[in-house]
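Structure file coords34.cif; described as mmCIF, N, CA and C atoms.
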```cif
data_protein
#
loop_
_atom_site.group_PDB
_atom_site.id
_atom_site.type_symbol
_atom_site.label_atom_id
_atom_site.label_comp_id
_atom_site.auth_asym_id
_atom_site.auth_seq_id
_atom_site.Cartn_x
_atom_site.Cartn_y
_atom_site.Cartn_z
ATOM 1 N N MET A 38 -28.851 -52.024 -45.720
ATOM 2 C CA MET A 38 -29.775 -53.034 -46.186
ATOM 3 C C MET A 38 -29.691 -53.064 -47.714
ATOM 4 N N PRO A 39 -29.678 -54.240 -48.332
ATOM 5 C CA PRO A 39 -29.542 -54.319 -49.780
ATOM 6 C C PRO A 39 -30.770 -53.778 -50.492
ATOM 7 N N LYS A 40 -30.541 -53.280 -51.685
ATOM 8 C CA LYS A 40 -31.650 -52.803 -52.510
ATOM 9 C C LYS A 40 -32.535 -53.988 -52.880
ATOM 10 N N LEU A 41 -33.813 -53.758 -52.889
ATOM 11 C CA LEU A 41 -34.756 -54.802 -53.245
ATOM 12 C C LEU A 41 -34.952 -54.803 -54.751
ATOM 13 N N PRO A 42 -35.100 -55.978 -55.362
ATOM 14 C CA PRO A 42 -35.133 -56.072 -56.817
ATOM 15 C C PRO A 42 -36.374 -55.513 -57.498
ATOM 16 N N LEU A 43 -37.458 -55.286 -56.794
ATOM 17 C CA LEU A 43 -38.676 -54.809 -57.433
ATOM 18 C C LEU A 43 -38.976 -53.391 -56.982
ATOM 19 N N SER A 44 -39.095 -52.482 -57.900
ATOM 20 C CA SER A 44 -39.474 -51.118 -57.560
ATOM 21 C C SER A 44 -40.826 -50.829 -58.196
ATOM 22 N N PRO A 45 -41.520 -49.813 -57.689
ATOM 23 C CA PRO A 45 -42.834 -49.507 -58.258
ATOM 24 C C PRO A 45 -42.791 -49.215 -59.753
ATOM 25 N N SER A 46 -41.701 -48.632 -60.225
ATOM 26 C CA SER A 46 -41.628 -48.282 -61.642
ATOM 27 C C SER A 46 -41.520 -49.498 -62.553
ATOM 28 N N VAL A 47 -41.133 -50.628 -61.996
ATOM 29 C CA VAL A 47 -41.016 -51.832 -62.819
ATOM 30 C C VAL A 47 -41.895 -52.962 -62.297
ATOM 31 N N LYS A 48 -43.006 -52.615 -61.654
ATOM 32 C CA LYS A 48 -43.853 -53.647 -61.061
ATOM 33 C C LYS A 48 -44.433 -54.600 -62.094
ATOM 34 N N ARG A 49 -44.531 -54.153 -63.354
ATOM 35 C CA ARG A 49 -45.040 -55.060 -64.374
ATOM 36 C C ARG A 49 -44.128 -56.263 -64.556
ATOM 37 N N SER A 50 -42.859 -56.099 -64.222
ATOM 38 C CA SER A 50 -41.932 -57.214 -64.379
ATOM 39 C C SER A 50 -42.218 -58.327 -63.361
ATOM 40 N N PHE A 51 -42.933 -58.016 -62.292
ATOM 41 C CA PHE A 51 -43.267 -59.029 -61.291
ATOM 42 C C PHE A 51 -44.017 -60.185 -61.950
ATOM 43 N N SER A 52 -44.880 -59.874 -62.881
ATOM 44 C CA SER A 52 -45.652 -60.915 -63.570
ATOM 45 C C SER A 52 -44.764 -61.807 -64.424
ATOM 46 N N ALA A 53 -43.619 -61.283 -64.852
ATOM 47 C CA ALA A 53 -42.713 -62.047 -65.698
ATOM 48 C C ALA A 53 -41.786 -62.953 -64.893
ATOM 49 N N ILE A 54 -41.735 -62.770 -63.593
ATOM 50 C CA ILE A 54 -40.876 -63.583 -62.736
ATOM 51 C C ILE A 54 -41.549 -64.933 -62.513
ATOM 52 N N PRO A 55 -40.813 -66.039 -62.620
ATOM 53 C CA PRO A 55 -41.403 -67.350 -62.324
ATOM 54 C C PRO A 55 -41.954 -67.401 -60.898
ATOM 55 N N ALA A 56 -43.012 -68.181 -60.704
ATOM 56 C CA ALA A 56 -43.716 -68.218 -59.418
ATOM 57 C C ALA A 56 -42.805 -68.543 -58.243
ATOM 58 N N ASP A 57 -41.878 -69.481 -58.406
ATOM 59 C CA ASP A 57 -41.005 -69.820 -57.276
ATOM 60 C C ASP A 57 -40.095 -68.642 -56.914
ATOM 61 N N GLN A 58 -39.681 -67.874 -57.913
ATOM 62 C CA GLN A 58 -38.860 -66.693 -57.647
ATOM 63 C C GLN A 58 -39.699 -65.569 -57.032
ATOM 64 N N ARG A 59 -40.966 -65.499 -57.396
ATOM 65 C CA ARG A 59 -41.858 -64.519 -56.762
ATOM 66 C C ARG A 59 -41.975 -64.817 -55.270
ATOM 67 N N LEU A 60 -42.111 -66.083 -54.944
ATOM 68 C CA LEU A 60 -42.190 -66.468 -53.535
ATOM 69 C C LEU A 60 -40.894 -66.120 -52.799
ATOM 70 N N ALA A 61 -39.761 -66.304 -53.456
ATOM 71 C CA ALA A 61 -38.480 -65.944 -52.845
ATOM 72 C C ALA A 61 -38.384 -64.433 -52.649
ATOM 73 N N LEU A 62 -38.894 -63.670 -53.595
ATOM 74 C CA LEU A 62 -38.896 -62.216 -53.481
ATOM 75 C C LEU A 62 -39.795 -61.768 -52.333
ATOM 76 N N ILE A 63 -40.956 -62.372 -52.221
ATOM 77 C CA ILE A 63 -41.862 -62.057 -51.116
ATOM 78 C C ILE A 63 -41.180 -62.368 -49.792
ATOM 79 N N SER A 64 -40.479 -63.479 -49.732
ATOM 80 C CA SER A 64 -39.752 -63.842 -48.522
ATOM 81 C C SER A 64 -38.670 -62.810 -48.194
ATOM 82 N N SER A 65 -38.003 -62.285 -49.214
ATOM 83 C CA SER A 65 -36.974 -61.273 -48.955
ATOM 84 C C SER A 65 -37.604 -59.973 -48.454
ATOM 85 N N TYR A 66 -38.791 -59.648 -48.928
ATOM 86 C CA TYR A 66 -39.502 -58.469 -48.424
ATOM 87 C C TYR A 66 -39.922 -58.698 -46.970
ATOM 88 N N TRP A 67 -40.390 -59.903 -46.657
ATOM 89 C CA TRP A 67 -40.750 -60.258 -45.283
ATOM 90 C C TRP A 67 -39.547 -60.054 -44.368
ATOM 91 N N ASP A 68 -38.401 -60.563 -44.809
ATOM 92 C CA ASP A 68 -37.181 -60.435 -44.028
ATOM 93 C C ASP A 68 -36.782 -58.970 -43.862
ATOM 94 N N ALA A 69 -36.859 -58.198 -44.929
ATOM 95 C CA ALA A 69 -36.495 -56.776 -44.875
ATOM 96 C C ALA A 69 -37.399 -56.020 -43.901
ATOM 97 N N LEU A 70 -38.680 -56.303 -43.933
ATOM 98 C CA LEU A 70 -39.617 -55.629 -43.028
ATOM 99 C C LEU A 70 -39.344 -55.981 -41.570
ATOM 100 N N ARG A 71 -39.020 -57.215 -41.293
ATOM 101 C CA ARG A 71 -38.722 -57.623 -39.916
ATOM 102 C C ARG A 71 -37.427 -56.978 -39.423
ATOM 103 N N LYS A 72 -36.427 -56.884 -40.306
ATOM 104 C CA LYS A 72 -35.180 -56.212 -39.935
ATOM 105 C C LYS A 72 -35.418 -54.727 -39.692
ATOM 106 N N LEU A 73 -36.241 -54.123 -40.531
ATOM 107 C CA LEU A 73 -36.569 -52.703 -40.340
ATOM 108 C C LEU A 73 -37.302 -52.492 -39.020
ATOM 109 N N ALA A 74 -38.159 -53.431 -38.656
ATOM 110 C CA ALA A 74 -38.886 -53.324 -37.382
ATOM 111 C C ALA A 74 -37.903 -53.297 -36.216
ATOM 112 N N ARG A 75 -36.911 -54.178 -36.262
ATOM 113 C CA ARG A 75 -35.901 -54.195 -35.198
ATOM 114 C C ARG A 75 -35.069 -52.918 -35.216
ATOM 115 N N SER A 76 -34.739 -52.430 -36.397
ATOM 116 C CA SER A 76 -33.968 -51.185 -36.513
ATOM 117 C C SER A 76 -34.770 -50.002 -35.998
ATOM 118 N N ALA A 77 -36.057 -49.986 -36.281
ATOM 119 C CA ALA A 77 -36.914 -48.894 -35.814
ATOM 120 C C ALA A 77 -36.920 -48.852 -34.295
ATOM 121 N N GLU A 78 -37.022 -50.001 -33.693
ATOM 122 C CA GLU A 78 -37.010 -50.072 -32.242
ATOM 123 C C GLU A 78 -35.670 -49.574 -31.693
ATOM 124 N N ALA A 79 -34.585 -49.902 -32.367
ATOM 125 C CA ALA A 79 -33.246 -49.517 -31.902
ATOM 126 C C ALA A 79 -33.013 -48.006 -31.940
ATOM 127 N N VAL A 80 -33.713 -47.304 -32.852
ATOM 128 C CA VAL A 80 -33.526 -45.845 -32.937
ATOM 129 C C VAL A 80 -34.657 -45.083 -32.238
ATOM 130 N N GLY A 81 -35.395 -45.782 -31.395
ATOM 131 C CA GLY A 81 -36.416 -45.108 -30.601
ATOM 132 C C GLY A 81 -37.779 -44.998 -31.253
ATOM 133 N N ARG A 82 -38.031 -45.762 -32.289
ATOM 134 C CA ARG A 82 -39.338 -45.756 -32.937
ATOM 135 C C ARG A 82 -40.021 -47.105 -32.741
ATOM 136 N N ALA A 83 -40.106 -47.523 -31.490
ATOM 137 C CA ALA A 83 -40.729 -48.798 -31.165
ATOM 138 C C ALA A 83 -42.182 -48.854 -31.625
ATOM 139 N N ASP A 84 -42.802 -47.694 -31.812
ATOM 140 C CA ASP A 84 -44.184 -47.666 -32.288
ATOM 141 C C ASP A 84 -44.322 -48.282 -33.678
ATOM 142 N N LEU A 85 -43.248 -48.284 -34.458
ATOM 143 C CA LEU A 85 -43.299 -48.864 -35.799
ATOM 144 C C LEU A 85 -43.168 -50.384 -35.793
ATOM 145 N N LEU A 86 -42.573 -50.929 -34.736
ATOM 146 C CA LEU A 86 -42.304 -52.359 -34.686
ATOM 147 C C LEU A 86 -43.548 -53.204 -34.947
ATOM 148 N N PRO A 87 -44.636 -53.041 -34.200
ATOM 149 C CA PRO A 87 -45.791 -53.921 -34.452
ATOM 150 C C PRO A 87 -46.416 -53.704 -35.834
ATOM 151 N N LYS A 88 -46.362 -52.497 -36.329
ATOM 152 C CA LYS A 88 -46.955 -52.225 -37.643
ATOM 153 C C LYS A 88 -46.158 -52.888 -38.760
ATOM 154 N N LEU A 89 -44.837 -52.782 -38.691
ATOM 155 C CA LEU A 89 -43.996 -53.413 -39.706
ATOM 156 C C LEU A 89 -44.080 -54.931 -39.623
ATOM 157 N N ILE A 90 -44.138 -55.460 -38.420
ATOM 158 C CA ILE A 90 -44.295 -56.913 -38.246
ATOM 159 C C ILE A 90 -45.632 -57.370 -38.819
ATOM 160 N N GLN A 91 -46.673 -56.575 -38.608
ATOM 161 C CA GLN A 91 -47.999 -56.920 -39.139
ATOM 162 C C GLN A 91 -47.977 -56.971 -40.667
ATOM 163 N N VAL A 92 -47.325 -56.001 -41.299
ATOM 164 C CA VAL A 92 -47.220 -56.010 -42.763
ATOM 165 C C VAL A 92 -46.410 -57.220 -43.222
ATOM 166 N N ALA A 93 -45.287 -57.475 -42.544
ATOM 167 C CA ALA A 93 -44.446 -58.625 -42.909
ATOM 168 C C ALA A 93 -45.235 -59.926 -42.797
ATOM 169 N N ASP A 94 -45.951 -60.083 -41.697
ATOM 170 C CA ASP A 94 -46.735 -61.303 -41.501
ATOM 171 C C ASP A 94 -47.872 -61.417 -42.519
ATOM 172 N N GLY A 95 -48.421 -60.275 -42.915
ATOM 173 C CA GLY A 95 -49.452 -60.287 -43.957
ATOM 174 C C GLY A 95 -48.896 -60.767 -45.289
ATOM 175 N N LEU A 96 -47.695 -60.293 -45.630
ATOM 176 C CA LEU A 96 -47.047 -60.770 -46.861
ATOM 177 C C LEU A 96 -46.800 -62.272 -46.781
ATOM 178 N N ASP A 97 -46.310 -62.714 -45.634
ATOM 179 C CA ASP A 97 -46.011 -64.130 -45.454
ATOM 180 C C ASP A 97 -47.277 -64.973 -45.543
ATOM 181 N N GLY A 98 -48.321 -64.535 -44.879
ATOM 182 C CA GLY A 98 -49.566 -65.293 -44.855
ATOM 183 C C GLY A 98 -50.283 -65.346 -46.194
ATOM 184 N N MET A 99 -50.049 -64.331 -47.005
ATOM 185 C CA MET A 99 -50.717 -64.270 -48.308
ATOM 186 C C MET A 99 -49.742 -64.479 -49.467
ATOM 187 N N ALA A 100 -48.569 -65.023 -49.183
ATOM 188 C CA ALA A 100 -47.515 -65.147 -50.196
ATOM 189 C C ALA A 100 -47.982 -65.856 -51.461
ATOM 190 N N THR A 101 -48.674 -66.955 -51.299
ATOM 191 C CA THR A 101 -49.126 -67.703 -52.475
ATOM 192 C C THR A 101 -50.102 -66.881 -53.306
ATOM 193 N N THR A 102 -51.046 -66.239 -52.660
ATOM 194 C CA THR A 102 -52.015 -65.403 -53.374
ATOM 195 C C THR A 102 -51.315 -64.240 -54.063
ATOM 196 N N ILE A 103 -50.384 -63.606 -53.371
ATOM 197 C CA ILE A 103 -49.645 -62.484 -53.960
ATOM 198 C C ILE A 103 -48.865 -62.966 -55.179
ATOM 199 N N ALA A 104 -48.228 -64.118 -55.056
ATOM 200 C CA ALA A 104 -47.413 -64.636 -56.152
ATOM 201 C C ALA A 104 -48.237 -65.053 -57.358
ATOM 202 N N GLU A 105 -49.488 -65.443 -57.139
ATOM 203 C CA GLU A 105 -50.298 -66.008 -58.222
ATOM 204 C C GLU A 105 -51.298 -65.053 -58.843
ATOM 205 N N THR A 106 -51.468 -63.864 -58.291
ATOM 206 C CA THR A 106 -52.499 -62.970 -58.818
ATOM 207 C C THR A 106 -51.910 -61.711 -59.430
ATOM 208 N N GLU A 107 -52.686 -61.120 -60.272
ATOM 209 C CA GLU A 107 -52.325 -59.851 -60.911
ATOM 210 C C GLU A 107 -52.164 -58.745 -59.870
ATOM 211 N N ALA A 108 -53.019 -58.748 -58.869
ATOM 212 C CA ALA A 108 -52.949 -57.732 -57.819
ATOM 213 C C ALA A 108 -51.677 -57.856 -56.990
ATOM 214 N N GLY A 109 -51.026 -59.006 -57.037
ATOM 215 C CA GLY A 109 -49.788 -59.204 -56.295
ATOM 216 C C GLY A 109 -48.703 -58.217 -56.683
ATOM 217 N N ALA A 110 -48.681 -57.811 -57.953
ATOM 218 C CA ALA A 110 -47.688 -56.829 -58.397
ATOM 219 C C ALA A 110 -47.889 -55.501 -57.678
ATOM 220 N N GLU A 111 -49.142 -55.108 -57.490
ATOM 221 C CA GLU A 111 -49.430 -53.859 -56.776
ATOM 222 C C GLU A 111 -49.073 -53.983 -55.301
ATOM 223 N N VAL A 112 -49.367 -55.129 -54.711
ATOM 224 C CA VAL A 112 -49.015 -55.356 -53.307
ATOM 225 C C VAL A 112 -47.506 -55.239 -53.135
ATOM 226 N N MET A 113 -46.757 -55.847 -54.031
ATOM 227 C CA MET A 113 -45.301 -55.809 -53.933
ATOM 228 C C MET A 113 -44.751 -54.402 -54.179
ATOM 229 N N ALA A 114 -45.361 -53.669 -55.092
ATOM 230 C CA ALA A 114 -44.926 -52.297 -55.342
ATOM 231 C C ALA A 114 -45.145 -51.428 -54.105
ATOM 232 N N ARG A 115 -46.282 -51.611 -53.459
ATOM 233 C CA ARG A 115 -46.562 -50.840 -52.240
ATOM 234 C C ARG A 115 -45.628 -51.254 -51.099
ATOM 235 N N ALA A 116 -45.351 -52.531 -51.005
ATOM 236 C CA ALA A 116 -44.407 -52.989 -49.987
ATOM 237 C C ALA A 116 -43.017 -52.410 -50.252
ATOM 238 N N ALA A 117 -42.638 -52.347 -51.512
ATOM 239 C CA ALA A 117 -41.335 -51.764 -51.866
ATOM 240 C C ALA A 117 -41.271 -50.298 -51.455
ATOM 241 N N ARG A 118 -42.355 -49.563 -51.693
ATOM 242 C CA ARG A 118 -42.380 -48.150 -51.286
ATOM 243 C C ARG A 118 -42.301 -48.013 -49.773
ATOM 244 N N LEU A 119 -43.008 -48.863 -49.055
ATOM 245 C CA LEU A 119 -42.970 -48.839 -47.592
ATOM 246 C C LEU A 119 -41.556 -49.118 -47.092
ATOM 247 N N ILE A 120 -40.936 -50.124 -47.649
ATOM 248 C CA ILE A 120 -39.580 -50.484 -47.234
ATOM 249 C C ILE A 120 -38.617 -49.338 -47.524
ATOM 250 N N ARG A 121 -38.696 -48.788 -48.712
ATOM 251 C CA ARG A 121 -37.802 -47.693 -49.103
ATOM 252 C C ARG A 121 -38.004 -46.470 -48.199
ATOM 253 N N ALA A 122 -39.241 -46.102 -47.955
ATOM 254 C CA ALA A 122 -39.530 -44.934 -47.112
ATOM 255 C C ALA A 122 -39.068 -45.164 -45.679
ATOM 256 N N THR A 123 -39.272 -46.366 -45.176
ATOM 257 C CA THR A 123 -38.848 -46.672 -43.809
ATOM 258 C C THR A 123 -37.333 -46.674 -43.707
ATOM 259 N N GLU A 124 -36.662 -47.236 -44.704
ATOM 260 C CA GLU A 124 -35.202 -47.217 -44.721
ATOM 261 C C GLU A 124 -34.677 -45.784 -44.695
ATOM 262 N N GLU A 125 -35.272 -44.925 -45.519
ATOM 263 C CA GLU A 125 -34.838 -43.528 -45.575
ATOM 264 C C GLU A 125 -35.078 -42.819 -44.244
ATOM 265 N N MET A 126 -36.236 -43.046 -43.641
ATOM 266 C CA MET A 126 -36.556 -42.415 -42.365
ATOM 267 C C MET A 126 -35.583 -42.868 -41.279
ATOM 268 N N LEU A 127 -35.344 -44.169 -41.215
ATOM 269 C CA LEU A 127 -34.445 -44.694 -40.193
ATOM 270 C C LEU A 127 -33.013 -44.239 -40.424
ATOM 271 N N ALA A 128 -32.600 -44.135 -41.680
ATOM 272 C CA ALA A 128 -31.248 -43.667 -41.978
ATOM 273 C C ALA A 128 -31.081 -42.221 -41.520
ATOM 274 N N SER A 129 -32.094 -41.389 -41.762
ATOM 275 C CA SER A 129 -31.995 -39.993 -41.346
ATOM 276 C C SER A 129 -32.028 -39.881 -39.833
ATOM 277 N N MET A 130 -32.780 -40.747 -39.173
ATOM 278 C CA MET A 130 -32.851 -40.702 -37.706
ATOM 279 C C MET A 130 -31.545 -41.181 -37.076
ATOM 280 N N SER A 131 -30.929 -42.190 -37.673
ATOM 281 C CA SER A 131 -29.702 -42.720 -37.079
ATOM 282 C C SER A 131 -28.515 -41.822 -37.337
ATOM 283 N N SER A 132 -28.585 -40.975 -38.364
ATOM 284 C CA SER A 132 -27.471 -40.073 -38.655
ATOM 285 C C SER A 132 -27.638 -38.713 -38.000
ATOM 286 N N SER A 133 -28.839 -38.395 -37.520
ATOM 287 C CA SER A 133 -29.048 -37.101 -36.874
ATOM 288 C C SER A 133 -28.623 -37.170 -35.413
ATOM 289 N N PRO A 134 -28.100 -36.077 -34.899
ATOM 290 C CA PRO A 134 -27.684 -36.084 -33.485
ATOM 291 C C PRO A 134 -28.903 -36.172 -32.568
ATOM 292 N N ILE A 135 -28.709 -36.845 -31.472
ATOM 293 C CA ILE A 135 -29.799 -37.002 -30.498
ATOM 294 C C ILE A 135 -29.785 -35.791 -29.571
ATOM 295 N N THR A 136 -30.947 -35.151 -29.445
ATOM 296 C CA THR A 136 -31.052 -33.996 -28.568
ATOM 297 C C THR A 136 -31.924 -34.354 -27.381
ATOM 298 N N HIS A 137 -31.545 -33.872 -26.251
ATOM 299 C CA HIS A 137 -32.328 -34.128 -25.043
ATOM 300 C C HIS A 137 -32.790 -32.835 -24.455
#
```

Can you dump the structure from the file as structure tokens?
Amino acid sequence: MPKLPLSPSVKRSFSAIPADQRLALISSYWDALRKLARSAEAVGRADLLPKLIQVADGLDGMATTIAETEAGAEVMARAARLIRATEEMLASMSSSPITH
């Protein structure tokens, strides 16, 4: 999965991004979360699927508010951390041998 352009350490830059690009970034996070949900299900973590979909849908439903408010930078930073942590967890699960 490609690296996402916003990390928590540079969340202040979110405010400097033009609003239309903020919406595109939110959309890319929505897409990343939905892909992670499908990947989680594929490696036996179906319990994560509804939770990741819920976060993705929350970003989508509040995209305009996130893009237009100061608090949106914090929302995006937290989403970035969630995506990064989930990617790392799924990568470690898919590379570890399956034991029965």

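Residue membership of the PyMOL selection byres ((chain A and resi 70) around 7) in the shown file amounts to A:Ser65, A:Tyr66, A:Trp67, A:Asp68, A:Ala69, A:Arg71, A:Lys72, A:Leu73, A:Ala74, A:Arg75, A:Leu89, A:Ile90, A:Val92, A:Ala93, A:Ile120.
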
Between atom C of Met130 of chain A and atom CA of Val80 of chain A, measure the distance and give it in Å to one decimal.
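So the answer is 6.5 Å.
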
Atom C of Glu125 of chain A to atom CA of Asp97 of chain A, distance in Å rounded to a single decimal:
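For atom C of Glu125 of chain A relative to atom CA of Asp97 of chain A, the distance reads 24.0 Å.
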
Could you tell me how far atom CA of Ser64 of chain A sits from atom C of Arg82 of chain A, in Å to one decimal place?
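A separation of 23.0 Å between them.
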
Quick one: what's the axis-aligned box for segment 97-108 of chain A, all listed atoms, 4 Å on every side, centre and edges in Å to one decimal, as AutoDock Vina command-line options?
```
--center_x -49.5 --center_y -62.7 --center_z -52.9 --size_x 15.0 --size_y 18.0 --size_z 24.1
```

Going by DSSP on the backbone, which bits of chain A are alpha helix (DSSP H)? Write them as a VMD selection string, please.
chain A and resid 56 to 79 85 to 98 100 to 105 108 to 132

Would you translate the PyMOL selection byres ((chain A and resi 99-116) around 6) into the concrete set of residues it matches in this file, as a PyMOL selection string?
chain A and resi 44-45+48+51+56+59-60+94-98+117-121

Run the PyMOL selection byres (((chain A and resi 131 and name CA) around 12) and name CA) on the file and write out the hits as a list in words.
Ser76, Ala77, Glu78, Ala79, Val80, Gly81, Arg82, Glu124, Glu125, Met126, Leu127, Ala128, Ser129, Met130, Ser132, Ser133, Pro134 and Ile135 of chain A
